[in-house]
Structures are given as structure tokens and as C-alpha cells.
Amino acid sequence: MNATDLYAHLRQTVLTALAQIIPDLPADIAARVEVTPTRDPAHGDMATNAAMVSAKAARQPPAKIAAALVQHLAAAPEIAAAETAGPGFVNLRLHPQTFRALLPIILANGEAYGDATAGTGTGTKINLEYVSANPTGPMHIGHCRGAVVGDALANLLTKAGYTVTKEYYINDAGAQVVALAWAAYWRYLQAIGTPLTEEEFAAEVPGGLQYKGDYLIPVGEMLKATHGTALATEAKGIAAPETWLDTVKDTTIAAMMTEVREDLRLLGVQQDIFTSERALVASGAADTVIAKLQADGLIYEGVLEPPKGKTPDDWEPRPQTLFRSTNFGDDVDRPLRKSDGSNTYFANDIAYHADKIGRGYNELIDVLGADHGGYVPRMKAAVKALSHDAVKFDAVLCQIVHILKGGVPLKMSKRAGSYVTLRDLLEEVGKDAVRFTMLTRKADAQMEFDLDQVLATTRENPVFYVQYAHARCRSVLRAAAEMFPGAALTDADLSTTNVDTLDGEPELTLIRRLALWPRTVESAASAREPHRIAFFLYDLAADFHMLWNRGKDDATLRFLQADQPAATRARLALVAATAVVIRSGLAVMGVTPVEEMR
RNA sequence: GCGCCCUUAGCUCAGUUGGAUAGAGCAACAGCCUUCUAAGCUGUGGGUCGGUGGUUCGAAUCCACCAGGGCGCGCCA
């Protein structure tokens, strides 16, 4: 037995036995057979629903199938006892040796333990788009959650065997970057000493002066350094926009993206591809896509009904170019062109997703803010239409994060420039705590990020609790090196250890938890829920701390016993394997494991 | 008015894709420090899983309706 996933292994054993009882069992029924950990240890180690799910197809009562399964399974070498239970479960009790045999495998595999070998992910190419913050200013706390969730999801899917491309879509087209350019231009005029006041300048800006934060001051300085006073009138006033707008836009977007990339780097996020909306628009991709949809008969000119119950005051019916998204499950058809004929953001975004489809992915996943929730059905419809249902589109929605300090919510105001930037947050609590904490909630649930709790050194704080467990593991191994000078104690060395002496219940509880790791990776990946990794690590840490603490009451239960080198070595293998799995999990979360608590 | 997401212990949240007697942490109460780190551990109490029906061997989980909370709803991105 050298399977890395004990549950998958036993599932095969059950399926083999089941095939002997019901030779012509349909494949779709077999697919529903599960081997799961039992909730109650009294029920054994694992349970299978095999008899219940196959009863109907086999036209036999579950109890009869279960009884036959018990007969067949009793012969399996891993299984100590099999018995029927409840409505048709078969409970399995494994030999402790079966669990213990996992430790050498974990140590030999290292952090690759839990990687899919032949799971659902194999061969599937996924494009994962996340962050995609507008390049109009520094990243703030709102972007942070999507960045962390997206990045951890990428790691998770990769571990589960998918081939993942991590992508950032730069929204550098449209009205907001024009507003950004005007704001940067104001900083430029200030830099060269304009006589204009802010009010006088703002009065000349189409749509008013937005983006008033200080972060554009360096951009103004940069423009001055490069262009001198050439972008302004001789009186250092506002020149005709066509003489400077593109230049200022280019410089500003480039400067903002430099900042964004630095923010991402500090957060530990590395994306593979940055795609520019502006370049996409310039290439005419949106018109190409509209033409393609037109050829499929999915485009028409029409007038949308006003939204029911809440008609805007300035509503008037206007004909637009519409996409028949209702053919693909959307509620209303969606406009691709505005009434003036220019393309909508949606048209550009369809073009972008068409581009991704063209790059050969089997699945597209967007990590979005929850305020984009209403946007998902139409994108789903568009991807379905464009790929003729060959490519899947999914969205992971991230709910809002409230920052608490001293139990009081921090006020956020972008207009006043007083919002919490990502960089502030990283300086305050550090990358690892930010990443871990962001993953301690389901993405689609609101979360409160308590600055005090994140830094707390108590069990309440999962970051600390998990890191502490790893540090304790490493501490034991360091102490072992002192107690047994010259002993070979690397993971590879320990992987050959005889671990038969590990027969205490707390030890076996911990090993059972380690056995769940591949299964946890698989289920978290297929549910696209990276937060499950955080909860798994918390539970694992709790099991380990419990084992550690037994040594308080009874010194003979401590890991290190100078007079029992063989038994100590077996315990060290368990400790090292625990550390391996914690590291493996932290790697998915993008958190650096610590060697000691300081 | 419509759509999507929520509602689980006093509080903050899990719940292994439909499994057996629903679990953690905090808070409350009761214990444990000449230690490989007590930055912790052990135990006790605490639940009509928002409500009502339905689907089936079996529902916190799926479906319908209702109640409460959040987000969104043509030419913003």
C-alpha cells in the first residue's frame, strides 16, 4: 500500500468488492460511492454509502448488499473490521498500521503530499482572473480579499492537478482613466507652478476633478521632469486636451500599474499575464465579437424595458444593439452598444473573454467583488454563446471586508483619500497574517478584519495558532538534534523510520487528520473554496497541540525520551510529517511557515 | 418590482457537495505551570440549523412558498 490518498485507496477497495457483488453496476452509480471519515469514532474510521446508493440499481435491499460487502471487505489487508450500520452503511475500522504507513509516504513526498495524482483536475486548463483593480490609485483593502482568494485558489487548483493561468485585466480604457489623466494633469500644473487654484481648474474638468489623493503628486513631478512646461499653455494654464491627454494618460496608467505590481509583490501575488483593455479596444476586438454573435443570430436592435419598480428619473426608451443573453439563461438581453453607437463595457469584456476562449482554456474563472454579482449571468451567457457551450465560466464572488480597530469599524472614504491602502495594512500586520486571515471566511460571506485579533497571540487567532504548531514541530526537531548528536533527522531520513510504536489514540487521531489532507485539497479545489484549507490547518494544529500538551501531565508522553531512541524516532517522524502537511497547506495559502515564534 | 448571496449555540463562524447523536473559537463556570514554549491544555453548561410544506432509506444541505439582512438592476467600469 503506497497510495497517498488513503480514502481514495479504500474507495477503490470498496468498488472492487462491490463489482463482485453487483457485476453490472452502472458507472454513474459507482461514481456516487463514497468512502468518508466517520463523524463518531465509535463507528470506526471510515464509512461507505456503497450499499445504499447501489440498492435501487441492483434491486436488492441495502442491508443485503451491505452484508455481502462486509464479507468481501473483511479480506482486505488494510481493514481490521467491517460491519453494517444504520440504514445500510458499512463501517470500516482500519488496522492502525494502515494509517501509520502513511507517515513514511508523507515524509518521502514532502510538500507534494496532497497533490492530485489522477484527480478531476488533471488535464483541465483554467484561466483564473483576479484582482483586476482599476489603475486609478493604490490598491486598498477591498481589492485585497480578491487578490488573496484568487491567488490561493490558483495554488489550490494547481495542487489539485489543474493547469492554471493567473491573469490580471487592466481596466485602462473608458471614462475613469480620462478622469485620472485630468487629475494627474492638475498635479503636473501644480508642479510647474500654475497660477490656477484647484477650484478654477476643477471648473474646467469634464465631470469635475476626481482622484484627489496625494498619490498623483509624484506623477505630476514625473511629467514635469520629462516634459518641462510643454504640456501647458505659456501662462501655465490648461492647454488643449488633444495636445496632452494621451501623453498624460500613458504616463499615469504606467505609474499606477507600477504601484499595483509593487502592492501585489508585497502581498506575495505573482500573476502570469496582464491584459490591457485599452489594447483590446484599439484592436477592434469588440466589433469582431459582435460580428461573430451577429452571424449566429444573437444580435438585434431593440429597446429595453425600464427596470420595474425603480425607473430612473431621466429614463427614455432608446434603441440599442442588444445581445440575446436570455437565450442562455440571463433575465434580460444586454446592450453591447450605447445609443450613440459606441461599445459598452460589457462588449469589451465579452471581447476579452472571447480572447481567453481563443487561447484554449477549458474553463474561465473570474474572482469578482460581490457588487458584480448581477454581472455573472450575462457573462456566463456570453461565454456559452461564444464557445458553443464548450467552455465553462464561473465566478467567485468576494463580499466586502470591514476593518476593525479596537472593536470600532474604520471609516473608509476614497474621495477624502482616507481609505486604508493595502500597503498600510501590510505594514501594520504583515503579509502572512493578511493572507491567512482573508482566508478564514468563505469568500461570499461578509468578513470583519479585526486588526487587534490578527496580531493576537492566542488560540482565537488562527494565524498564530497554526504557525505556533509548526514552530513547535520544528522546535522538537531542533531539540532532538541536541539530544541525539549526529542523528539523521531530515524528512528523508525519518521516512525510513519504523513507526509501529505509535499506537496511542492521540497519535492516531493526528495521523488520521494527516490522512485527510489529499481529500481536503480535492474537495476544496472542486468547490473553489480555498478557505477550507485554513480550517483544515486549524484543526490539524489543534490535534498537534493536544498531543504536545499530554507531555505536561505525564513526562513519559513527551516526544523526546533520551533513553528510548527508537520510540522517540517514531514520534519525530510523526512530528516531521505534521510539519510537512502544515507547510503544504500554508504554501497553498501563500503563507510562509515560521521556524520559531519570536 | 425582479435577480443573486446570506440567516446554524449569548457572540464570531465551520459543517467533508444528501449521511448516523449538528461542531470549533470567544464569552460563562470548574480544573491544570520546578515543562521539548501555559502564547497553552482538559472538562461542564449552552441548538426547533429563520418559518412552513415537499422530494427519499436519510435534509442544516435539494425544491416551493413566507419572514428578516446584504448587493445589484439601459448608454458606470
# chains A, B, ... in the order shown; residues from 1 in each chain; ligands from 1
>>> interface_residues(of="chain A", to="chain B", cutoff="6 Å", atoms="only C-alpha atoms (C1' of nucleotides)", output="list in words")
Lys308, Gly309, Lys338, Ser339, Asp371, Gly374, Thr457, Thr458, Glu460, Val476 and Asn549 of chain A
>>> closest_residue(among="A:Ser283, A:Thr568, A:Thr288, A:Thr258", to="A:Val499", atoms="only C-alpha atoms")
A:Thr568
>>> select_by_dssp(residues="stretch 90-206 of chain A", states="helix (DSSP H, G or I)", output="tab-separated table (two decimals) with C-alpha atoms, in the first residue's frame")
chain	number	residue	atom	x	y	z
A	96	PRO	CA	-3.55	1.22	12.87
A	97	GLN	CA	-0.69	0.04	10.70
A	98	THR	CA	-2.61	1.20	7.63
A	99	PHE	CA	-2.68	4.74	8.96
A	100	ARG	CA	0.86	4.64	10.27
A	102	LEU	CA	1.15	6.95	5.63
A	103	LEU	CA	3.88	8.70	7.63
A	104	PRO	CA	6.81	7.44	5.52
A	105	ILE	CA	4.83	8.33	2.40
A	106	ILE	CA	4.20	11.87	3.64
A	107	LEU	CA	7.84	12.33	4.55
A	108	ALA	CA	9.03	10.98	1.23
A	109	ASN	CA	6.63	13.17	-0.75
A	110	GLY	CA	7.24	16.32	1.26
A	111	GLU	CA	5.01	19.27	0.44
A	112	ALA	CA	3.90	17.46	-2.70
A	141	ILE	CA	-8.41	46.71	1.40
A	142	GLY	CA	-11.32	45.94	-0.91
A	143	HIS	CA	-9.01	44.66	-3.62
A	144	CYS	CA	-7.02	42.69	-1.13
A	145	ARG	CA	-9.53	39.97	-0.48
A	146	GLY	CA	-9.99	39.18	-4.15
A	147	ALA	CA	-6.23	39.13	-4.60
A	148	VAL	CA	-5.67	36.70	-1.76
A	149	VAL	CA	-8.65	34.48	-2.58
A	150	GLY	CA	-7.69	34.39	-6.26
A	151	ASP	CA	-4.06	33.66	-5.56
A	152	ALA	CA	-4.81	30.91	-3.05
A	153	LEU	CA	-7.37	29.43	-5.40
A	154	ALA	CA	-4.74	29.35	-8.13
A	155	ASN	CA	-2.36	27.49	-5.84
A	156	LEU	CA	-5.12	25.16	-4.75
A	157	LEU	CA	-6.23	24.32	-8.28
A	158	THR	CA	-2.63	23.76	-9.30
A	159	LYS	CA	-2.15	21.40	-6.40
A	175	ALA	CA	-14.11	57.41	-18.66
A	176	GLN	CA	-12.32	56.71	-15.40
A	177	VAL	CA	-8.85	56.85	-16.92
A	178	VAL	CA	-9.71	60.14	-18.60
A	179	ALA	CA	-10.70	61.47	-15.19
A	180	LEU	CA	-7.47	60.05	-13.83
A	181	ALA	CA	-5.45	61.81	-16.52
A	182	TRP	CA	-7.12	65.14	-15.67
A	183	ALA	CA	-6.31	64.60	-12.00
A	184	ALA	CA	-2.68	63.85	-12.83
A	185	TYR	CA	-2.61	66.89	-15.11
A	186	TRP	CA	-3.64	69.02	-12.15
A	187	ARG	CA	-0.69	67.69	-10.17
A	188	TYR	CA	1.52	68.47	-13.16
A	189	LEU	CA	0.28	72.05	-13.35
A	190	GLN	CA	0.92	72.39	-9.63
A	191	ALA	CA	4.42	71.02	-10.13
A	198	GLU	CA	-7.89	73.95	-7.55
A	199	GLU	CA	-11.42	75.34	-7.85
A	200	GLU	CA	-10.60	77.17	-11.08
A	201	PHE	CA	-9.03	74.04	-12.51
A	202	ALA	CA	-11.85	71.74	-11.40
A	203	ALA	CA	-14.37	74.02	-13.12
A	204	GLU	CA	-12.68	73.25	-16.45
>>> residues_around(residues="A:Glu595", least_positions_apart="3", cutoff="9 Å", atoms="only C-alpha atoms (C1' of nucleotides)", output="NGL selection string")
:A and (467-468 or 470-475)
>>> write_last_selection(atoms="N, CA and C atoms", output="PDB file, in the first residue's frame")
ATOM      1  N   GLN A 467       0.706  28.739  12.974  1.00  0.00           N
ATOM      2  CA  GLN A 467       2.159  28.997  12.920  1.00  0.00           C
ATOM      3  C   GLN A 467       2.852  28.422  14.162  1.00  0.00           C
ATOM      4  N   TYR A 468       2.167  28.559  15.283  1.00  0.00           N
ATOM      5  CA  TYR A 468       2.723  28.064  16.543  1.00  0.00           C
ATOM      6  C   TYR A 468       2.904  26.553  16.473  1.00  0.00           C
ATOM      7  N   HIS A 470       3.465  24.772  13.841  1.00  0.00           N
ATOM      8  CA  HIS A 470       4.626  24.473  13.004  1.00  0.00           C
ATOM      9  C   HIS A 470       5.927  24.762  13.740  1.00  0.00           C
ATOM     10  N   ALA A 471       5.935  25.895  14.435  1.00  0.00           N
ATOM     11  CA  ALA A 471       7.143  26.259  15.191  1.00  0.00           C
ATOM     12  C   ALA A 471       7.454  25.202  16.252  1.00  0.00           C
ATOM     13  N   ARG A 472       6.423  24.685  16.885  1.00  0.00           N
ATOM     14  CA  ARG A 472       6.641  23.651  17.900  1.00  0.00           C
ATOM     15  C   ARG A 472       7.218  22.395  17.255  1.00  0.00           C
ATOM     16  N   CYS A 473       6.706  22.029  16.114  1.00  0.00           N
ATOM     17  CA  CYS A 473       7.257  20.861  15.400  1.00  0.00           C
ATOM     18  C   CYS A 473       8.754  21.057  15.170  1.00  0.00           C
ATOM     19  N   ARG A 474       9.075  22.228  14.649  1.00  0.00           N
ATOM     20  CA  ARG A 474      10.480  22.489  14.328  1.00  0.00           C
ATOM     21  C   ARG A 474      11.327  22.536  15.595  1.00  0.00           C
ATOM     22  N   SER A 475      10.737  23.060  16.649  1.00  0.00           N
ATOM     23  CA  SER A 475      11.445  23.156  17.920  1.00  0.00           C
ATOM     24  C   SER A 475      11.781  21.767  18.452  1.00  0.00           C
TER      25      SER A 475
END
>>> closest_residue(among="B:G43, B:G18, B:C29, B:A67", to="B:U55", atoms="only C-alpha atoms (C1' of nucleotides)")
B:G18
>>> atom_distance(atom1="atom CA of A:Asp366", atom2="atom CA of A:Gln210")
28.2 Å
>>> residues_around(residues="B:G45", least_positions_apart="3", cutoff="12 Å", atoms="only C-alpha atoms (C1' of nucleotides)", output="CSV table (one decimal) with C-alpha atoms (C1' of nucleotides), in the first residue's frame")
chain,number,residue,atom,x,y,z
B,9,A,C1',-25.1,28.0,20.5
B,28,A,C1',-19.6,31.7,31.4
B,29,C,C1',-18.3,28.0,35.0
B,30,A,C1',-14.5,24.2,37.1
>>> residues_around(residues="stretch 385-395 of chain A", least_positions_apart="2", cutoff="10 Å", atoms="only C-alpha atoms (C1' of nucleotides)", output="compact mmCIF listing (two decimals) with all heavy atoms, in the first residue's frame")
# COMPACT_ATOMS: atom_id res chain seq x y z
N ILE A 126 -7.30 25.98 -16.85
CA ILE A 126 -8.16 27.02 -16.28
C ILE A 126 -7.49 28.38 -16.39
O ILE A 126 -6.30 28.52 -16.12
CB ILE A 126 -8.45 26.73 -14.79
CG1 ILE A 126 -9.29 25.45 -14.65
CG2 ILE A 126 -9.19 27.89 -14.14
CD1 ILE A 126 -9.71 25.15 -13.24
N ASN A 127 -8.26 29.37 -16.80
CA ASN A 127 -7.79 30.75 -16.72
C ASN A 127 -8.46 31.39 -15.52
O ASN A 127 -9.68 31.41 -15.42
CB ASN A 127 -8.14 31.52 -17.98
CG ASN A 127 -7.67 32.97 -17.89
OD1 ASN A 127 -8.27 33.78 -17.20
ND2 ASN A 127 -6.59 33.28 -18.58
N LEU A 128 -7.65 31.86 -14.60
CA LEU A 128 -8.17 32.46 -13.38
C LEU A 128 -7.84 33.94 -13.37
O LEU A 128 -6.67 34.32 -13.32
CB LEU A 128 -7.55 31.76 -12.17
CG LEU A 128 -8.03 32.19 -10.78
CD1 LEU A 128 -9.50 31.89 -10.61
CD2 LEU A 128 -7.22 31.48 -9.71
N GLU A 129 -8.87 34.76 -13.46
CA GLU A 129 -8.67 36.20 -13.45
C GLU A 129 -9.00 36.75 -12.08
O GLU A 129 -10.08 36.50 -11.54
CB GLU A 129 -9.56 36.88 -14.50
CG GLU A 129 -9.38 38.39 -14.55
CD GLU A 129 -10.56 39.12 -15.17
OE1 GLU A 129 -11.26 38.52 -16.01
OE2 GLU A 129 -10.80 40.27 -14.78
N VAL A 289 -16.19 40.54 -32.19
CA VAL A 289 -17.04 39.63 -31.42
C VAL A 289 -18.52 39.89 -31.71
O VAL A 289 -19.31 38.95 -31.86
CB VAL A 289 -16.75 39.79 -29.91
CG1 VAL A 289 -17.91 39.27 -29.08
CG2 VAL A 289 -15.48 39.03 -29.55
N LYS A 292 -19.37 38.31 -34.84
CA LYS A 292 -19.46 36.86 -34.70
C LYS A 292 -20.83 36.46 -34.12
O LYS A 292 -21.49 35.54 -34.60
CB LYS A 292 -18.33 36.36 -33.80
CG LYS A 292 -18.27 34.85 -33.76
CD LYS A 292 -17.12 34.31 -32.92
CE LYS A 292 -17.24 32.78 -32.90
NZ LYS A 292 -16.71 32.18 -31.70
N LEU A 293 -21.23 37.20 -33.08
CA LEU A 293 -22.53 36.91 -32.48
C LEU A 293 -23.65 37.21 -33.46
O LEU A 293 -24.67 36.51 -33.50
CB LEU A 293 -22.70 37.73 -31.19
CG LEU A 293 -21.79 37.33 -30.02
CD1 LEU A 293 -21.88 38.35 -28.90
CD2 LEU A 293 -22.14 35.94 -29.50
N ASP A 296 -24.32 34.45 -35.70
CA ASP A 296 -25.08 33.38 -35.05
C ASP A 296 -26.51 33.80 -34.74
O ASP A 296 -27.24 33.07 -34.06
CB ASP A 296 -24.38 32.96 -33.75
CG ASP A 296 -23.11 32.16 -34.02
OD1 ASP A 296 -22.98 31.64 -35.14
OD2 ASP A 296 -22.27 32.08 -33.11
N LEU A 298 -27.55 36.30 -32.84
CA LEU A 298 -27.75 36.60 -31.43
C LEU A 298 -27.75 38.10 -31.14
O LEU A 298 -27.70 38.51 -29.99
CB LEU A 298 -26.66 35.91 -30.60
CG LEU A 298 -26.69 34.37 -30.69
CD1 LEU A 298 -25.47 33.77 -30.02
CD2 LEU A 298 -27.96 33.81 -30.07
N ARG A 324 -28.70 38.61 -27.28
CA ARG A 324 -29.77 37.74 -26.79
C ARG A 324 -29.26 36.83 -25.66
O ARG A 324 -29.24 35.61 -25.79
CB ARG A 324 -30.31 36.87 -27.92
CG ARG A 324 -31.04 37.62 -29.00
CD ARG A 324 -31.77 36.69 -29.94
NE ARG A 324 -32.23 37.41 -31.12
CZ ARG A 324 -33.37 38.13 -31.15
NH1 ARG A 324 -34.12 38.20 -30.06
NH2 ARG A 324 -33.72 38.78 -32.23
N SER A 325 -28.86 37.44 -24.56
CA SER A 325 -28.35 36.62 -23.45
C SER A 325 -29.47 35.80 -22.83
O SER A 325 -29.20 34.79 -22.17
CB SER A 325 -27.67 37.51 -22.40
OG SER A 325 -28.52 38.55 -21.99
N ASN A 327 -31.31 33.86 -24.31
CA ASN A 327 -31.24 32.52 -24.91
C ASN A 327 -30.38 31.57 -24.07
O ASN A 327 -30.44 30.37 -24.23
CB ASN A 327 -30.63 32.59 -26.32
CG ASN A 327 -31.59 33.19 -27.32
OD1 ASN A 327 -32.60 33.76 -26.92
ND2 ASN A 327 -31.29 33.05 -28.60
N PHE A 328 -29.56 32.15 -23.21
CA PHE A 328 -28.61 31.36 -22.44
C PHE A 328 -28.83 31.52 -20.95
O PHE A 328 -27.90 31.41 -20.16
CB PHE A 328 -27.17 31.73 -22.83
CG PHE A 328 -26.91 31.62 -24.30
CD1 PHE A 328 -27.11 32.71 -25.13
CD2 PHE A 328 -26.49 30.42 -24.85
CE1 PHE A 328 -26.89 32.60 -26.50
CE2 PHE A 328 -26.27 30.31 -26.22
CZ PHE A 328 -26.47 31.40 -27.05
N ILE A 350 -16.80 41.06 -23.16
CA ILE A 350 -17.07 39.85 -23.95
C ILE A 350 -15.88 39.58 -24.86
O ILE A 350 -15.42 38.45 -25.00
CB ILE A 350 -18.35 40.00 -24.80
CG1 ILE A 350 -19.58 39.99 -23.92
CG2 ILE A 350 -18.44 38.85 -25.80
CD1 ILE A 350 -20.87 40.00 -24.72
N ALA A 351 -15.40 40.65 -25.49
CA ALA A 351 -14.25 40.50 -26.39
C ALA A 351 -13.06 39.93 -25.63
O ALA A 351 -12.33 39.06 -26.12
CB ALA A 351 -13.90 41.84 -27.00
N HIS A 353 -13.17 38.04 -22.90
CA HIS A 353 -13.40 36.63 -22.60
C HIS A 353 -13.31 35.77 -23.87
O HIS A 353 -12.89 34.62 -23.80
CB HIS A 353 -14.72 36.45 -21.85
CG HIS A 353 -14.64 36.85 -20.41
ND1 HIS A 353 -14.65 38.18 -20.01
CD2 HIS A 353 -14.50 36.13 -19.28
CE1 HIS A 353 -14.54 38.23 -18.69
NE2 HIS A 353 -14.44 37.00 -18.21
N ALA A 354 -13.72 36.35 -25.00
CA ALA A 354 -13.56 35.63 -26.27
C ALA A 354 -12.08 35.39 -26.55
O ALA A 354 -11.68 34.32 -27.01
CB ALA A 354 -14.19 36.43 -27.41
N ILE A 357 -11.06 32.54 -24.44
CA ILE A 357 -11.56 31.29 -25.04
C ILE A 357 -10.63 30.86 -26.18
O ILE A 357 -10.26 29.70 -26.29
CB ILE A 357 -13.00 31.47 -25.56
CG1 ILE A 357 -13.96 31.64 -24.39
CG2 ILE A 357 -13.42 30.27 -26.43
CD1 ILE A 357 -15.36 32.09 -24.82
N GLY A 358 -10.24 31.87 -26.99
CA GLY A 358 -9.37 31.59 -28.12
C GLY A 358 -8.01 31.06 -27.72
O GLY A 358 -7.30 30.44 -28.52
N GLY A 360 -7.57 28.76 -25.61
CA GLY A 360 -7.64 27.32 -25.41
C GLY A 360 -7.89 26.82 -24.00
O GLY A 360 -7.51 25.70 -23.66
N TYR A 361 -8.52 27.63 -23.17
CA TYR A 361 -8.82 27.15 -21.82
C TYR A 361 -10.12 26.34 -21.81
O TYR A 361 -11.02 26.58 -22.62
CB TYR A 361 -8.97 28.33 -20.85
CG TYR A 361 -7.72 29.16 -20.75
CD1 TYR A 361 -7.67 30.42 -21.34
CD2 TYR A 361 -6.59 28.68 -20.11
CE1 TYR A 361 -6.52 31.19 -21.28
CE2 TYR A 361 -5.43 29.44 -20.04
CZ TYR A 361 -5.41 30.69 -20.63
OH TYR A 361 -4.26 31.44 -20.57
N ASN A 362 -10.21 25.39 -20.89
CA ASN A 362 -11.43 24.64 -20.72
C ASN A 362 -12.40 25.36 -19.80
O ASN A 362 -13.60 25.10 -19.81
CB ASN A 362 -11.15 23.26 -20.11
CG ASN A 362 -10.11 22.50 -20.90
OD1 ASN A 362 -8.95 22.42 -20.51
ND2 ASN A 362 -10.52 21.99 -22.04
N GLU A 363 -11.85 26.23 -18.97
CA GLU A 363 -12.69 26.90 -18.00
C GLU A 363 -12.13 28.27 -17.67
O GLU A 363 -10.92 28.45 -17.56
CB GLU A 363 -12.77 26.05 -16.72
CG GLU A 363 -13.74 26.60 -15.72
CD GLU A 363 -14.02 25.65 -14.55
OE1 GLU A 363 -13.60 24.47 -14.63
OE2 GLU A 363 -14.64 26.08 -13.59
N LEU A 364 -13.03 29.23 -17.54
CA LEU A 364 -12.65 30.58 -17.13
C LEU A 364 -13.25 30.85 -15.76
O LEU A 364 -14.44 30.61 -15.55
CB LEU A 364 -13.17 31.62 -18.12
CG LEU A 364 -12.94 31.38 -19.61
CD1 LEU A 364 -13.58 32.50 -20.43
CD2 LEU A 364 -11.45 31.29 -19.92
N ILE A 365 -12.44 31.34 -14.85
CA ILE A 365 -12.96 31.72 -13.54
C ILE A 365 -12.59 33.17 -13.29
O ILE A 365 -11.42 33.56 -13.43
CB ILE A 365 -12.36 30.84 -12.42
CG1 ILE A 365 -12.68 29.36 -12.66
CG2 ILE A 365 -12.90 31.27 -11.05
CD1 ILE A 365 -12.06 28.42 -11.64
N ASP A 366 -13.56 34.00 -12.92
CA ASP A 366 -13.30 35.38 -12.53
C ASP A 366 -13.54 35.51 -11.03
O ASP A 366 -14.59 35.09 -10.54
CB ASP A 366 -14.26 36.35 -13.24
CG ASP A 366 -13.95 36.50 -14.73
OD1 ASP A 366 -13.03 35.81 -15.21
OD2 ASP A 366 -14.64 37.28 -15.39
N VAL A 367 -12.58 36.09 -10.35
CA VAL A 367 -12.81 36.43 -8.94
C VAL A 367 -13.26 37.88 -8.91
O VAL A 367 -12.52 38.78 -9.33
CB VAL A 367 -11.52 36.25 -8.11
CG1 VAL A 367 -11.76 36.66 -6.66
CG2 VAL A 367 -11.04 34.81 -8.19
N LEU A 368 -14.48 38.11 -8.45
CA LEU A 368 -15.08 39.44 -8.54
C LEU A 368 -15.58 39.92 -7.19
O LEU A 368 -15.79 39.11 -6.28
CB LEU A 368 -16.28 39.40 -9.50
CG LEU A 368 -16.04 38.94 -10.93
CD1 LEU A 368 -17.35 38.73 -11.65
CD2 LEU A 368 -15.18 39.95 -11.67
N GLY A 369 -15.77 41.23 -7.08
CA GLY A 369 -16.44 41.77 -5.91
C GLY A 369 -17.93 41.42 -5.97
O GLY A 369 -18.48 41.25 -7.06
N ALA A 370 -18.55 41.33 -4.80
CA ALA A 370 -19.95 40.90 -4.76
C ALA A 370 -20.86 41.87 -5.50
O ALA A 370 -21.94 41.50 -5.97
CB ALA A 370 -20.41 40.76 -3.31
N HIS A 372 -20.49 42.84 -8.32
CA HIS A 372 -20.56 42.42 -9.71
C HIS A 372 -21.42 41.17 -9.88
O HIS A 372 -21.46 40.59 -10.95
CB HIS A 372 -19.16 42.14 -10.26
CG HIS A 372 -18.35 43.38 -10.47
ND1 HIS A 372 -17.91 44.16 -9.43
CD2 HIS A 372 -17.91 43.99 -11.58
CE1 HIS A 372 -17.23 45.18 -9.91
NE2 HIS A 372 -17.22 45.10 -11.21
N GLY A 373 -22.09 40.78 -8.80
CA GLY A 373 -22.87 39.55 -8.83
C GLY A 373 -23.88 39.53 -9.95
O GLY A 373 -24.07 38.51 -10.63
N TYR A 375 -23.64 40.70 -12.71
CA TYR A 375 -22.95 40.69 -13.98
C TYR A 375 -22.67 39.26 -14.46
O TYR A 375 -22.44 39.02 -15.63
CB TYR A 375 -21.63 41.44 -13.77
CG TYR A 375 -20.86 41.75 -15.00
CD1 TYR A 375 -21.32 42.73 -15.86
CD2 TYR A 375 -19.69 41.07 -15.31
CE1 TYR A 375 -20.61 43.03 -17.00
CE2 TYR A 375 -18.98 41.36 -16.44
CZ TYR A 375 -19.44 42.35 -17.29
OH TYR A 375 -18.75 42.64 -18.42
N VAL A 376 -22.70 38.33 -13.50
CA VAL A 376 -22.28 36.96 -13.79
C VAL A 376 -23.16 36.23 -14.81
O VAL A 376 -22.63 35.65 -15.76
CB VAL A 376 -22.17 36.14 -12.48
CG1 VAL A 376 -21.87 34.68 -12.76
CG2 VAL A 376 -21.11 36.75 -11.57
N PRO A 377 -24.50 36.29 -14.66
CA PRO A 377 -25.33 35.55 -15.63
C PRO A 377 -25.09 35.97 -17.07
O PRO A 377 -25.07 35.13 -17.97
CB PRO A 377 -26.75 35.89 -15.20
CG PRO A 377 -26.64 36.26 -13.76
CD PRO A 377 -25.30 36.91 -13.62
N MET A 379 -22.34 37.23 -18.38
CA MET A 379 -21.02 36.76 -18.85
C MET A 379 -21.07 35.26 -19.11
O MET A 379 -20.47 34.75 -20.06
CB MET A 379 -19.97 37.09 -17.79
CG MET A 379 -18.56 37.17 -18.34
SD MET A 379 -18.37 38.49 -19.55
CE MET A 379 -17.86 37.54 -20.96
N LYS A 380 -21.79 34.57 -18.23
CA LYS A 380 -21.96 33.14 -18.41
C LYS A 380 -22.62 32.87 -19.77
O LYS A 380 -22.22 32.00 -20.53
CB LYS A 380 -22.85 32.60 -17.27
CG LYS A 380 -22.55 31.18 -16.87
CD LYS A 380 -23.30 30.84 -15.57
CE LYS A 380 -22.34 30.21 -14.57
NZ LYS A 380 -22.88 29.96 -13.26
N ALA A 381 -23.65 33.68 -20.04
CA ALA A 381 -24.37 33.54 -21.31
C ALA A 381 -23.44 33.81 -22.49
O ALA A 381 -23.44 33.07 -23.48
CB ALA A 381 -25.56 34.51 -21.34
N ALA A 382 -22.62 34.84 -22.35
CA ALA A 382 -21.73 35.21 -23.45
C ALA A 382 -20.70 34.12 -23.72
O ALA A 382 -20.44 33.76 -24.87
CB ALA A 382 -21.04 36.53 -23.13
N VAL A 383 -20.14 33.57 -22.66
CA VAL A 383 -19.12 32.53 -22.83
C VAL A 383 -19.75 31.28 -23.45
O VAL A 383 -19.17 30.64 -24.33
CB VAL A 383 -18.44 32.19 -21.48
CG1 VAL A 383 -17.56 30.96 -21.61
CG2 VAL A 383 -17.61 33.38 -21.00
N LEU A 397 -17.38 35.13 -6.01
CA LEU A 397 -17.70 36.48 -5.54
C LEU A 397 -17.15 36.71 -4.14
O LEU A 397 -17.30 35.87 -3.26
CB LEU A 397 -19.23 36.67 -5.52
CG LEU A 397 -19.92 36.57 -6.88
CD1 LEU A 397 -21.42 36.75 -6.72
CD2 LEU A 397 -19.36 37.61 -7.84
N CYS A 398 -16.51 37.84 -3.97
CA CYS A 398 -15.94 38.18 -2.66
C CYS A 398 -16.76 39.28 -2.02
O CYS A 398 -16.89 40.36 -2.60
CB CYS A 398 -14.50 38.65 -2.80
SG CYS A 398 -13.39 37.35 -3.32
N ARG A 528 -14.01 25.25 -5.32
CA ARG A 528 -13.36 26.57 -5.45
C ARG A 528 -13.44 27.34 -4.13
O ARG A 528 -13.81 28.51 -4.10
CB ARG A 528 -14.01 27.40 -6.56
CG ARG A 528 -13.60 27.00 -7.96
CD ARG A 528 -14.54 25.98 -8.52
NE ARG A 528 -14.29 25.70 -9.92
CZ ARG A 528 -13.51 24.71 -10.37
NH1 ARG A 528 -12.84 23.96 -9.51
NH2 ARG A 528 -13.37 24.49 -11.65
>>> select_by_dssp(residues="stretch 283-442 of chain A", states="strand (DSSP E)", output="JSON, numbers by chain")
{"A": [299, 300, 301, 302, 303, 319, 320, 321, 322, 323, 334, 335, 336, 337, 363, 364, 365, 366, 367, 368, 369, 392, 393, 394, 395, 396, 397, 398, 401, 402, 403, 404, 405, 408, 409]}
>>> residues_around(residues="A:Leu69", least_positions_apart="5", cutoff="9 Å", atoms="only C-alpha atoms (C1' of nucleotides)", output="JSON, numbers by chain")
{"A": [14, 17, 18, 21, 50, 51, 64, 74, 82, 83, 84, 90]}
>>> atom_distance(atom1="atom CA of A:Arg337", atom2="atom CA of A:Gln320")
6.0 Å
>>> atom_distance(atom1="atom CA of A:Met46", atom2="atom CA of A:Thr496")
26.9 Å
